[in-house]
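Read through the structure below, which is laid out as structure tokens, and then see the notes.
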Amino acid sequence: MADRLALDGGTPVRATLLPYSRQAVDEDDVQAVAAALRSDWLTTGPLVGAFERAVAGAAGAVHAVAVSSGTAALHAAVSAAGIGPGDEVVLTPLTFVASANAVLYCGGVPVFADVRPDTLTLDPDAAEARITGRTKALLPVDFAGQPCDADRFDAVARARGLTVIQDSAHSLGGEYRGRRVGSLADLTTFSFHPAKLVTTGEGGAVTTNRDDLAARLRRFRNHGFDTDFRERQARGEVYSPMVELGFNYRLTDLQCALGLSQLAKAEGFLKRRTQIAEHYRAALAEIPAVSSPAVDPAVRHGWHIFPVLLDLERLSAGRRTVVAALRAENIGAAVHYVPAYWHPYYERLGYRRGLCPRAESAFERLVTLPLFAAMTDADVDDVLTALNKVLGYYAR
Ligand SMILES: *Cc1c(COP(=O)(O)O)cnc(C)c1O
């Protein structure tokens, strides 16, 4: 029987697994890293500044500070925002745990607010309702690559004297009302993990238009020193005063070489991701029991992932079985995200289920389909064939 699910012993749609994400590294990237390896500077060299200028350009921001991961970027941003013990930060639960963990690193308290039902990004009204006298910052995330309601968060923050930290790990190259992601909030964080639009292996950056915040970020990623090694060398100084407790969160020149080479191709990557996402969106209209989150017409979406929502009332199987069935067909379906406060660590901190019902019900229905720039049209067709096969089988 041609349609027997691979899960039940049938022939899978593909012979090999299609991952949900994969980097696009080619020969010119390899050459760029090799050239950096042969240079005088493996770290704290000239490629760091060059990469930061390129990131700032791509993000439409005045400053970019490169750091060793997207998580380090969040930690640096939360610290630069002045979050300390007991300070509350309002954020979405539908994110990678690092967004919330960064608040904990600084002794702050993550306060989760629910998502918009249509886009699944942080709901500005829900966020505003969670503000207390201890709130210091708002931390929206550009879920799946869709820029958050930046103007709304900005207005709330200005009225209440809060800082906005935008986690844009998913949305490099995205735009909101014609403005670039990276120029919208007080602080914006990016990740260059291999699953993201451009990669440095591990890596991240924070962008800001404020000189004071940029100076704090630079100190924070370099032990709290107020100068770096090359600046001291240029000034003939033998040591640098450590003025606060910082970290070694530096990004190496090898990584910046890769990042520069990748950034030059970012627009092409995003165009290809957008093309695939549009193809999926058109095809989904014909597949029963599934839809995708709304896309706000005022944004350019960063298309980091392609989440779909199952209509569980019309299926005889739950999300877990659908994901297992897709994986058996060799389609690397994934789930983004379990609400952050459902993790055992957060439960131990006292967070309880039921806090953000819309995020929780979305989580039960979310499946991430493969999406990355190097996917071929045949790969896209395989995903849709498998989705049709699996959902057709479980339809009721
Ligand atoms: C990837 C990601 C991070 C963390 O980035 P790393 O570079 O992996 O540390 C933070 N927030 C979100 C939303 C992410 O997707």
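If you're wondering about the labels, chains in the structure tokens are A, B, ... by order shown, residues count from 1 in each chain, ligands from 1 in order shown.
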Problem - Environment of ligand 1 within 6 Å, counting only C-alpha atoms and all ligand atoms, reported as a list of chain:residue names - result: A:Ser69, A:Gly70, A:Thr71, A:Thr95, A:Phe96, A:Ala98, A:Ser99, A:Ala169, A:His170, A:Ser191, A:Phe192, A:His193, A:Glu202, A:Gly203, A:Gly204
Handout entry: Every residue of segment 108-207 of chain A that DSSP places in alpha helix (DSSP H), as number ranges by chain
Key = A: 124-129, 150-160
For segment 19-119 of chain A against segment 334-346 of chain A, with a cut-off of 6 Å and counting only C-alpha atoms, what is the closest atom pair and its distance in Å to one decimal for every residue that makes the cut, ordered by chain and number, as a Markdown table?
```
| residue | atom | partner | partner_atom | distance |
| --- | --- | --- | --- | --- |
| A:Pro93 | CA | A:Pro339 | CA | 4.8 |
| A:Leu94 | CA | A:Pro339 | CA | 5.1 |
| A:Thr95 | CA | A:Tyr337 | CA | 5.8 |
| A:Val97 | CA | A:Ala340 | CA | 5.5 |
```
Any chance you could export the current selection's N, CA and C atoms as a PDB file, in the first residue's frame?
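Saved result, result_14.pdb, follows:
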```pdb
ATOM      1  N   PRO A  93       6.782  33.580  26.830  1.00  0.00           N
ATOM      2  CA  PRO A  93       7.233  32.224  27.168  1.00  0.00           C
ATOM      3  C   PRO A  93       7.538  31.391  25.916  1.00  0.00           C
ATOM      4  N   LEU A  94       7.089  31.874  24.737  1.00  0.00           N
ATOM      5  CA  LEU A  94       7.256  31.083  23.515  1.00  0.00           C
ATOM      6  C   LEU A  94       8.608  31.431  22.892  1.00  0.00           C
ATOM      7  N   THR A  95       9.664  30.972  23.548  1.00  0.00           N
ATOM      8  CA  THR A  95      11.015  31.306  23.123  1.00  0.00           C
ATOM      9  C   THR A  95      11.982  30.238  23.600  1.00  0.00           C
ATOM     10  N   VAL A  97      14.917  28.975  25.854  1.00  0.00           N
ATOM     11  CA  VAL A  97      15.101  29.287  27.273  1.00  0.00           C
ATOM     12  C   VAL A  97      16.135  30.381  27.540  1.00  0.00           C
TER      13      VAL A  97
END
```
Practice task
Would you kindly return, as a PyMOL selection string, each protein, DNA or RNA residue with an atom no farther than 12 Å from any atom of Asp226 of chain A, considering only C-alpha atoms and excluding same-chain residues fewer than 4 positions away?
Solution key: chain A and resi 214-222+231-232+239-246
Problem - Close residues, Thr368 of chain A itself excluded, 7 Å, only C-alpha atoms, min 2 positions apart in chain, as number ranges by chain - result: A: 305-308, 333-336, 366, 370
Could you list, with a cut-off of 8 Å and counting only C-alpha atoms, the residues of segment 167-267 of chain A near segment 19-36 of chain A, each shown with its nearest atom pair and the distance in Å rounded to one decimal, rows sorted by chain and ascending number, as JSON lines?
```
{"residue": "A:Pro194", "atom": "CA", "partner": "A:Gln23", "partner_atom": "CA", "distance": 5.1}
{"residue": "A:Ala195", "atom": "CA", "partner": "A:Ser21", "partner_atom": "CA", "distance": 5.5}
{"residue": "A:Lys196", "atom": "CA", "partner": "A:Gln23", "partner_atom": "CA", "distance": 7.6}
{"residue": "A:Leu197", "atom": "CA", "partner": "A:Gln23", "partner_atom": "CA", "distance": 8.0}
{"residue": "A:Val198", "atom": "CA", "partner": "A:Gln23", "partner_atom": "CA", "distance": 7.6}
{"residue": "A:Thr199", "atom": "CA", "partner": "A:Gln23", "partner_atom": "CA", "distance": 7.1}
{"residue": "A:Asp253", "atom": "CA", "partner": "A:Ala36", "partner_atom": "CA", "distance": 6.6}
{"residue": "A:Leu254", "atom": "CA", "partner": "A:Val33", "partner_atom": "CA", "distance": 5.5}
{"residue": "A:Gln255", "atom": "CA", "partner": "A:Val33", "partner_atom": "CA", "distance": 7.4}
{"residue": "A:Ala257", "atom": "CA", "partner": "A:Val33", "partner_atom": "CA", "distance": 5.4}
{"residue": "A:Leu258", "atom": "CA", "partner": "A:Asp29", "partner_atom": "CA", "distance": 5.7}
{"residue": "A:Ser261", "atom": "CA", "partner": "A:Asp29", "partner_atom": "CA", "distance": 5.6}
{"residue": "A:Gln262", "atom": "CA", "partner": "A:Asp29", "partner_atom": "CA", "distance": 6.9}
```
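Interatomic distance, atom CA of Leu162 of chain A against atom CA of Val206 of chain A: 18.0 Å.
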Handout entry: Selection near segment 128-135 of chain A, 7 Å with only C-alpha atoms, sequence-local residues under 3 positions removed, as a ChimeraX atom specification
Key = /A:87-90,113,124-125
Problem - Surrounding residues of Phe51 of chain A excluding itself and chain neighbours under 6 positions, 9 Å, only C-alpha atoms, as an NGL selection string - result: :A and (64 or 66 or 253 or 256-257 or 259-260 or 263)
Problem - Between atom CA of Asp228 of chain A and atom CA of Asp212 of chain A, distance in Å (one decimal) - result: 16.8 Å
Enumerate as a short mmCIF file (atom, residue, chain, number, x, y, z; two decimals) with all heavy atoms, in the first residue's frame all residues of segment 69-310 of chain A assigned to strand (DSSP E or B) by DSSP on the backbone, naming them with the chain letters and numbers the document uses.
```cif
data_model
loop_
_atom_site.label_atom_id
_atom_site.label_comp_id
_atom_site.auth_asym_id
_atom_site.auth_seq_id
_atom_site.Cartn_x
_atom_site.Cartn_y
_atom_site.Cartn_z
N GLU A 88 12.23 43.07 37.60
CA GLU A 88 11.39 42.22 36.75
C GLU A 88 11.53 42.58 35.27
O GLU A 88 11.65 43.76 34.91
CB GLU A 88 9.92 42.36 37.17
CG GLU A 88 9.68 41.82 38.57
CD GLU A 88 8.25 41.98 39.05
OE1 GLU A 88 7.41 42.56 38.31
OE2 GLU A 88 7.97 41.53 40.18
N VAL A 89 11.54 41.55 34.47
CA VAL A 89 11.59 41.71 33.01
C VAL A 89 10.41 40.94 32.43
O VAL A 89 10.25 39.75 32.69
CB VAL A 89 12.92 41.18 32.44
CG1 VAL A 89 12.94 41.29 30.92
CG2 VAL A 89 14.10 41.94 33.05
N VAL A 90 9.57 41.62 31.67
CA VAL A 90 8.38 40.98 31.10
C VAL A 90 8.73 40.42 29.72
O VAL A 90 9.26 41.14 28.87
CB VAL A 90 7.21 42.00 30.98
CG1 VAL A 90 5.99 41.33 30.35
CG2 VAL A 90 6.86 42.57 32.35
N LEU A 91 8.46 39.13 29.55
CA LEU A 91 8.83 38.49 28.28
C LEU A 91 7.84 37.41 27.87
O LEU A 91 6.97 37.02 28.64
CB LEU A 91 10.25 37.92 28.35
CG LEU A 91 10.46 36.57 29.04
CD1 LEU A 91 11.83 36.02 28.67
CD2 LEU A 91 10.36 36.69 30.54
N VAL A 109 14.00 38.81 37.64
CA VAL A 109 12.86 37.90 37.70
C VAL A 109 12.14 37.91 36.34
O VAL A 109 11.59 38.94 35.95
CB VAL A 109 11.86 38.35 38.80
CG1 VAL A 109 10.66 37.39 38.86
CG2 VAL A 109 12.56 38.45 40.15
N PRO A 110 12.16 36.78 35.63
CA PRO A 110 11.38 36.73 34.38
C PRO A 110 9.89 36.70 34.71
O PRO A 110 9.46 35.88 35.52
CB PRO A 110 11.82 35.40 33.73
CG PRO A 110 13.04 34.95 34.49
CD PRO A 110 12.92 35.53 35.86
N VAL A 111 9.14 37.60 34.08
CA VAL A 111 7.69 37.65 34.27
C VAL A 111 7.08 37.36 32.90
O VAL A 111 7.26 38.15 31.96
CB VAL A 111 7.23 39.03 34.79
CG1 VAL A 111 5.71 39.12 34.83
CG2 VAL A 111 7.83 39.29 36.18
N PHE A 112 6.39 36.22 32.79
CA PHE A 112 5.89 35.80 31.48
C PHE A 112 4.52 36.40 31.19
O PHE A 112 3.64 36.38 32.04
CB PHE A 112 5.84 34.28 31.40
CG PHE A 112 7.20 33.66 31.52
CD1 PHE A 112 7.66 33.15 32.74
CD2 PHE A 112 8.05 33.62 30.42
CE1 PHE A 112 8.92 32.60 32.85
CE2 PHE A 112 9.32 33.06 30.52
CZ PHE A 112 9.76 32.55 31.74
N VAL A 115 1.04 35.48 24.49
CA VAL A 115 1.33 35.87 23.10
C VAL A 115 0.05 36.30 22.39
O VAL A 115 -1.07 36.01 22.85
CB VAL A 115 1.96 34.68 22.33
CG1 VAL A 115 3.31 34.33 22.93
CG2 VAL A 115 1.03 33.45 22.33
N LEU A 122 4.90 38.22 21.43
CA LEU A 122 4.43 38.77 22.72
C LEU A 122 3.31 39.79 22.48
O LEU A 122 3.46 40.70 21.65
CB LEU A 122 5.62 39.42 23.44
CG LEU A 122 5.33 40.05 24.81
CD1 LEU A 122 4.85 39.00 25.83
CD2 LEU A 122 6.59 40.74 25.34
N THR A 135 9.18 46.42 37.58
CA THR A 135 9.53 46.12 36.19
C THR A 135 10.58 47.11 35.67
O THR A 135 10.43 48.32 35.84
CB THR A 135 8.27 46.19 35.30
OG1 THR A 135 7.27 45.34 35.86
CG2 THR A 135 8.57 45.75 33.87
N LYS A 136 11.63 46.57 35.05
CA LYS A 136 12.68 47.41 34.48
C LYS A 136 12.77 47.32 32.96
O LYS A 136 13.29 48.24 32.32
CB LYS A 136 14.05 46.98 35.06
CG LYS A 136 14.32 47.43 36.49
CD LYS A 136 14.83 48.86 36.49
CE LYS A 136 15.06 49.39 37.89
NZ LYS A 136 16.09 48.65 38.62
N ALA A 137 12.32 46.20 32.40
CA ALA A 137 12.50 46.02 30.95
C ALA A 137 11.42 45.13 30.37
O ALA A 137 10.79 44.34 31.07
CB ALA A 137 13.88 45.42 30.67
N LEU A 138 11.22 45.27 29.05
CA LEU A 138 10.37 44.38 28.27
C LEU A 138 11.29 43.61 27.33
O LEU A 138 12.24 44.19 26.79
CB LEU A 138 9.36 45.19 27.44
CG LEU A 138 8.48 46.18 28.20
CD1 LEU A 138 7.62 46.98 27.21
CD2 LEU A 138 7.59 45.43 29.20
N LEU A 139 11.00 42.32 27.15
CA LEU A 139 11.88 41.51 26.31
C LEU A 139 11.06 40.70 25.30
O LEU A 139 10.82 39.51 25.50
CB LEU A 139 12.74 40.59 27.20
CG LEU A 139 14.05 40.05 26.65
CD1 LEU A 139 14.91 39.44 27.76
CD2 LEU A 139 13.88 39.07 25.52
N VAL A 141 10.33 38.79 21.72
CA VAL A 141 11.13 37.93 20.84
C VAL A 141 10.46 37.92 19.47
O VAL A 141 9.23 37.84 19.38
CB VAL A 141 11.20 36.49 21.40
CG1 VAL A 141 11.96 35.56 20.47
CG2 VAL A 141 11.84 36.50 22.80
N THR A 163 13.25 49.80 29.67
CA THR A 163 14.14 49.53 28.54
C THR A 163 13.53 48.40 27.72
O THR A 163 12.96 47.47 28.28
CB THR A 163 15.52 49.09 29.07
OG1 THR A 163 16.04 50.13 29.90
CG2 THR A 163 16.50 48.82 27.94
N VAL A 164 13.64 48.50 26.39
CA VAL A 164 13.19 47.39 25.54
C VAL A 164 14.41 46.65 25.01
O VAL A 164 15.31 47.24 24.42
CB VAL A 164 12.33 47.86 24.35
CG1 VAL A 164 11.87 46.65 23.53
CG2 VAL A 164 11.13 48.66 24.83
N ILE A 165 14.42 45.34 25.29
CA ILE A 165 15.45 44.44 24.76
C ILE A 165 14.73 43.52 23.79
O ILE A 165 13.84 42.77 24.19
CB ILE A 165 16.10 43.61 25.89
CG1 ILE A 165 16.71 44.53 26.95
CG2 ILE A 165 17.13 42.65 25.32
CD1 ILE A 165 17.02 43.81 28.27
N GLN A 166 15.08 43.58 22.52
CA GLN A 166 14.40 42.76 21.52
C GLN A 166 15.30 41.58 21.18
O GLN A 166 16.43 41.77 20.73
CB GLN A 166 14.12 43.62 20.29
CG GLN A 166 13.21 42.97 19.26
CD GLN A 166 12.78 43.95 18.17
OE1 GLN A 166 12.98 45.17 18.28
NE2 GLN A 166 12.20 43.43 17.11
N ASP A 167 14.79 40.37 21.42
CA ASP A 167 15.55 39.17 21.05
C ASP A 167 15.24 38.88 19.58
O ASP A 167 14.18 38.35 19.25
CB ASP A 167 15.17 38.00 21.95
CG ASP A 167 15.96 36.73 21.63
OD1 ASP A 167 16.57 36.65 20.55
OD2 ASP A 167 15.94 35.80 22.47
N GLU A 175 12.24 43.51 8.82
CA GLU A 175 11.87 44.93 8.91
C GLU A 175 10.50 45.06 9.54
O GLU A 175 9.67 44.15 9.45
CB GLU A 175 11.85 45.58 7.52
CG GLU A 175 13.22 45.73 6.91
CD GLU A 175 13.18 46.28 5.50
OE1 GLU A 175 12.11 46.78 5.06
OE2 GLU A 175 14.21 46.19 4.82
N TYR A 176 10.32 46.22 10.17
CA TYR A 176 9.04 46.54 10.80
C TYR A 176 8.69 47.96 10.36
O TYR A 176 9.46 48.89 10.63
CB TYR A 176 9.21 46.47 12.32
CG TYR A 176 8.06 46.99 13.13
CD1 TYR A 176 6.97 46.18 13.43
CD2 TYR A 176 8.07 48.30 13.60
CE1 TYR A 176 5.93 46.67 14.18
CE2 TYR A 176 7.03 48.79 14.36
CZ TYR A 176 5.96 47.98 14.64
OH TYR A 176 4.92 48.46 15.39
N ARG A 179 11.49 49.84 8.86
CA ARG A 179 12.74 50.00 9.63
C ARG A 179 13.33 48.63 9.95
O ARG A 179 12.62 47.68 10.21
CB ARG A 179 12.47 50.75 10.93
CG ARG A 179 12.30 52.26 10.73
CD ARG A 179 11.05 52.77 11.43
NE ARG A 179 11.08 52.54 12.87
CZ ARG A 179 10.00 52.41 13.63
NH1 ARG A 179 8.77 52.44 13.10
NH2 ARG A 179 10.11 52.24 14.92
N ARG A 180 14.65 48.61 9.92
CA ARG A 180 15.37 47.37 10.12
C ARG A 180 15.29 46.84 11.56
O ARG A 180 15.42 47.63 12.51
CB ARG A 180 16.86 47.60 9.81
CG ARG A 180 17.15 47.60 8.34
CD ARG A 180 17.46 46.20 7.93
NE ARG A 180 17.21 46.01 6.52
CZ ARG A 180 17.80 45.05 5.81
NH1 ARG A 180 18.68 44.26 6.38
NH2 ARG A 180 17.50 44.88 4.55
N LEU A 187 17.99 47.91 22.88
CA LEU A 187 19.02 46.89 22.68
C LEU A 187 18.40 45.75 21.88
O LEU A 187 17.27 45.33 22.19
CB LEU A 187 19.49 46.34 24.03
CG LEU A 187 20.21 47.33 24.94
CD1 LEU A 187 19.93 47.04 26.41
CD2 LEU A 187 21.72 47.29 24.68
N THR A 188 19.10 45.27 20.87
CA THR A 188 18.60 44.15 20.08
C THR A 188 19.67 43.07 20.05
O THR A 188 20.85 43.38 19.83
CB THR A 188 18.28 44.58 18.63
OG1 THR A 188 17.40 45.69 18.66
CG2 THR A 188 17.65 43.43 17.83
N THR A 189 19.27 41.82 20.27
CA THR A 189 20.26 40.74 20.28
C THR A 189 20.07 39.81 19.08
O THR A 189 18.95 39.55 18.64
CB THR A 189 20.17 39.91 21.58
OG1 THR A 189 18.90 39.25 21.63
CG2 THR A 189 20.33 40.79 22.81
N PHE A 190 21.21 39.34 18.57
CA PHE A 190 21.23 38.41 17.43
C PHE A 190 22.05 37.19 17.80
O PHE A 190 22.92 37.25 18.67
CB PHE A 190 21.84 39.08 16.20
CG PHE A 190 21.04 40.24 15.67
CD1 PHE A 190 21.40 41.55 15.97
CD2 PHE A 190 19.91 40.02 14.89
CE1 PHE A 190 20.65 42.63 15.50
CE2 PHE A 190 19.16 41.10 14.41
CZ PHE A 190 19.53 42.40 14.72
N SER A 191 21.79 36.09 17.10
CA SER A 191 22.57 34.86 17.26
C SER A 191 23.11 34.44 15.90
O SER A 191 22.42 34.59 14.89
CB SER A 191 21.68 33.74 17.81
OG SER A 191 22.29 32.48 17.63
N GLY A 204 27.23 35.86 18.44
CA GLY A 204 26.07 36.71 18.60
C GLY A 204 26.49 38.17 18.55
O GLY A 204 27.68 38.47 18.42
N ALA A 205 25.52 39.05 18.64
CA ALA A 205 25.81 40.48 18.66
C ALA A 205 24.66 41.20 19.33
O ALA A 205 23.52 40.69 19.36
CB ALA A 205 26.01 41.01 17.25
N VAL A 206 24.97 42.38 19.88
CA VAL A 206 23.95 43.28 20.39
C VAL A 206 24.06 44.57 19.59
O VAL A 206 25.18 45.07 19.40
CB VAL A 206 24.15 43.61 21.88
CG1 VAL A 206 22.94 44.41 22.42
CG2 VAL A 206 24.36 42.35 22.70
N THR A 207 22.94 45.08 19.12
CA THR A 207 22.97 46.38 18.46
C THR A 207 22.24 47.40 19.33
O THR A 207 21.32 47.06 20.09
CB THR A 207 22.31 46.36 17.06
OG1 THR A 207 20.95 45.94 17.19
CG2 THR A 207 23.06 45.42 16.12
N THR A 208 22.68 48.65 19.21
CA THR A 208 22.05 49.75 19.94
C THR A 208 22.40 51.05 19.24
O THR A 208 23.43 51.14 18.56
CB THR A 208 22.50 49.78 21.42
OG1 THR A 208 21.83 50.87 22.09
CG2 THR A 208 24.01 50.00 21.55
N ASN A 222 34.37 41.90 27.82
CA ASN A 222 35.82 41.82 27.96
C ASN A 222 36.22 42.04 29.42
O ASN A 222 36.97 42.96 29.74
CB ASN A 222 36.49 42.84 27.03
CG ASN A 222 37.99 42.61 26.92
OD1 ASN A 222 38.47 41.48 27.05
ND2 ASN A 222 38.74 43.69 26.70
N PHE A 225 36.92 45.31 31.59
CA PHE A 225 38.01 46.26 31.31
C PHE A 225 37.47 47.42 30.50
O PHE A 225 36.59 47.25 29.67
CB PHE A 225 39.12 45.60 30.46
CG PHE A 225 39.91 44.56 31.18
CD1 PHE A 225 40.38 43.44 30.50
CD2 PHE A 225 40.21 44.69 32.53
CE1 PHE A 225 41.12 42.47 31.15
CE2 PHE A 225 40.95 43.71 33.20
CZ PHE A 225 41.41 42.59 32.49
N MET A 242 40.04 47.30 35.51
CA MET A 242 38.77 46.56 35.47
C MET A 242 37.79 47.34 36.32
O MET A 242 37.98 47.52 37.52
CB MET A 242 38.98 45.15 36.04
CG MET A 242 37.72 44.31 36.01
SD MET A 242 37.88 42.82 37.01
CE MET A 242 36.33 42.89 37.91
N ASN A 248 34.50 36.88 29.69
CA ASN A 248 35.13 36.76 28.38
C ASN A 248 34.08 36.22 27.43
O ASN A 248 33.86 35.02 27.34
CB ASN A 248 36.35 35.83 28.43
CG ASN A 248 36.95 35.69 27.03
OD1 ASN A 248 36.38 36.20 26.06
ND2 ASN A 248 38.07 35.01 26.93
N THR A 252 35.94 35.53 18.16
CA THR A 252 37.29 35.51 17.58
C THR A 252 37.31 36.09 16.17
O THR A 252 36.29 36.18 15.49
CB THR A 252 37.82 34.07 17.51
OG1 THR A 252 37.01 33.34 16.57
CG2 THR A 252 37.78 33.38 18.87
N VAL A 290 -4.48 22.04 9.17
CA VAL A 290 -3.24 22.71 9.50
C VAL A 290 -3.28 24.15 8.98
O VAL A 290 -3.92 24.43 7.97
CB VAL A 290 -2.03 21.94 8.91
CG1 VAL A 290 -2.00 22.00 7.39
CG2 VAL A 290 -0.72 22.42 9.49
N SER A 291 -2.63 25.06 9.72
CA SER A 291 -2.56 26.46 9.28
C SER A 291 -1.21 27.00 9.73
O SER A 291 -0.45 26.29 10.40
CB SER A 291 -3.70 27.26 9.91
OG SER A 291 -3.56 27.24 11.32
N VAL A 299 5.37 43.96 8.28
CA VAL A 299 6.73 43.48 8.55
C VAL A 299 7.35 42.81 7.34
O VAL A 299 6.65 42.29 6.46
CB VAL A 299 6.78 42.49 9.74
CG1 VAL A 299 6.11 43.08 10.97
CG2 VAL A 299 6.18 41.13 9.39
N ARG A 300 8.68 42.80 7.34
CA ARG A 300 9.40 41.85 6.51
C ARG A 300 9.86 40.75 7.47
O ARG A 300 10.61 41.01 8.42
CB ARG A 300 10.63 42.48 5.85
CG ARG A 300 11.31 41.48 4.94
CD ARG A 300 12.62 41.99 4.36
NE ARG A 300 13.06 41.09 3.31
CZ ARG A 300 14.30 41.01 2.87
NH1 ARG A 300 15.24 41.82 3.36
NH2 ARG A 300 14.63 40.15 1.94
N PHE A 306 9.70 27.69 10.08
CA PHE A 306 8.34 27.70 9.55
C PHE A 306 7.44 26.86 10.45
O PHE A 306 7.34 25.65 10.29
CB PHE A 306 8.29 27.18 8.11
CG PHE A 306 6.97 27.47 7.45
CD1 PHE A 306 6.77 28.68 6.80
CD2 PHE A 306 5.92 26.58 7.55
CE1 PHE A 306 5.54 28.99 6.24
CE2 PHE A 306 4.68 26.88 7.00
CZ PHE A 306 4.49 28.08 6.34
N PRO A 307 6.80 27.51 11.43
CA PRO A 307 5.91 26.76 12.32
C PRO A 307 4.52 26.61 11.69
O PRO A 307 4.05 27.52 11.00
CB PRO A 307 5.83 27.65 13.57
CG PRO A 307 6.21 29.03 13.12
CD PRO A 307 6.86 28.94 11.78
N VAL A 308 3.91 25.45 11.91
CA VAL A 308 2.50 25.29 11.53
C VAL A 308 1.72 24.90 12.78
O VAL A 308 2.29 24.38 13.75
CB VAL A 308 2.29 24.23 10.43
CG1 VAL A 308 3.02 24.65 9.15
CG2 VAL A 308 2.73 22.84 10.87
N LEU A 309 0.42 25.17 12.74
CA LEU A 309 -0.47 24.85 13.86
C LEU A 309 -1.44 23.76 13.43
O LEU A 309 -2.14 23.91 12.42
CB LEU A 309 -1.26 26.11 14.26
CG LEU A 309 -0.45 27.20 14.96
CD1 LEU A 309 -1.15 28.55 14.83
CD2 LEU A 309 -0.24 26.85 16.43
N LEU A 310 -1.45 22.66 14.16
CA LEU A 310 -2.38 21.58 13.85
C LEU A 310 -3.76 21.92 14.39
O LEU A 310 -3.88 22.50 15.47
CB LEU A 310 -1.90 20.28 14.50
CG LEU A 310 -0.50 19.80 14.12
CD1 LEU A 310 -0.17 18.52 14.90
CD2 LEU A 310 -0.40 19.54 12.62
#
```
Handout entry: Counting only C-alpha atoms, the option among A:Gly332, A:Pro147, A:Gly84, A:Gly201 closest to Ser183 of chain A
Key = A:Pro147
Practice task
Quick one: everything within 12 Å of Arg4 of chain A, counting only C-alpha atoms, minus sequence neighbours fewer than 6 positions away in the same chain. Send it as a VMD selection string.
Solution key: chain A and resid 10 to 13 325 328 to 329 386 389 to 390 392 to 394
Save the residues we just selected, N, CA and C atoms, as an mmCIF file, in the first residue's frame?
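See selection_9.cif below for the written result:
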```
data_model
loop_
_atom_site.group_PDB
_atom_site.id
_atom_site.type_symbol
_atom_site.label_atom_id
_atom_site.label_comp_id
_atom_site.auth_asym_id
_atom_site.auth_seq_id
_atom_site.Cartn_x
_atom_site.Cartn_y
_atom_site.Cartn_z
ATOM 1 N N GLY A 10 5.650 1.498 6.354
ATOM 2 C CA GLY A 10 5.598 1.864 4.935
ATOM 3 C C GLY A 10 6.914 2.482 4.465
ATOM 4 N N THR A 11 6.969 2.801 3.181
ATOM 5 C CA THR A 11 8.180 3.406 2.610
ATOM 6 C C THR A 11 8.195 4.899 2.923
ATOM 7 N N PRO A 12 9.296 5.414 3.491
ATOM 8 C CA PRO A 12 9.322 6.847 3.790
ATOM 9 C C PRO A 12 9.327 7.710 2.514
ATOM 10 N N VAL A 13 8.812 8.915 2.634
ATOM 11 C CA VAL A 13 8.762 9.842 1.501
ATOM 12 C C VAL A 13 10.174 10.124 0.968
ATOM 13 N N ALA A 325 5.561 10.757 13.133
ATOM 14 C CA ALA A 325 5.221 10.230 11.802
ATOM 15 C C ALA A 325 5.998 10.975 10.718
ATOM 16 N N ALA A 328 9.533 9.791 10.772
ATOM 17 C CA ALA A 328 9.662 8.465 10.156
ATOM 18 C C ALA A 328 9.692 8.586 8.626
ATOM 19 N N GLU A 329 9.031 9.623 8.102
ATOM 20 C CA GLU A 329 9.067 9.872 6.650
ATOM 21 C C GLU A 329 10.370 10.563 6.242
ATOM 22 N N ALA A 386 4.906 14.624 2.513
ATOM 23 C CA ALA A 386 4.850 13.924 3.804
ATOM 24 C C ALA A 386 3.746 14.507 4.684
ATOM 25 N N LYS A 389 0.489 13.263 3.452
ATOM 26 C CA LYS A 389 0.356 11.837 3.742
ATOM 27 C C LYS A 389 -0.021 11.622 5.213
ATOM 28 N N VAL A 390 0.714 12.283 6.100
ATOM 29 C CA VAL A 390 0.520 12.073 7.540
ATOM 30 C C VAL A 390 -0.815 12.650 7.996
ATOM 31 N N GLY A 392 -3.390 13.371 6.152
ATOM 32 C CA GLY A 392 -4.460 12.632 5.472
ATOM 33 C C GLY A 392 -4.786 11.362 6.243
ATOM 34 N N TYR A 393 -3.738 10.707 6.710
ATOM 35 C CA TYR A 393 -3.917 9.448 7.442
ATOM 36 C C TYR A 393 -4.662 9.671 8.778
ATOM 37 N N TYR A 394 -4.302 10.740 9.465
ATOM 38 C CA TYR A 394 -4.908 10.999 10.782
ATOM 39 C C TYR A 394 -6.161 11.869 10.728
#
```
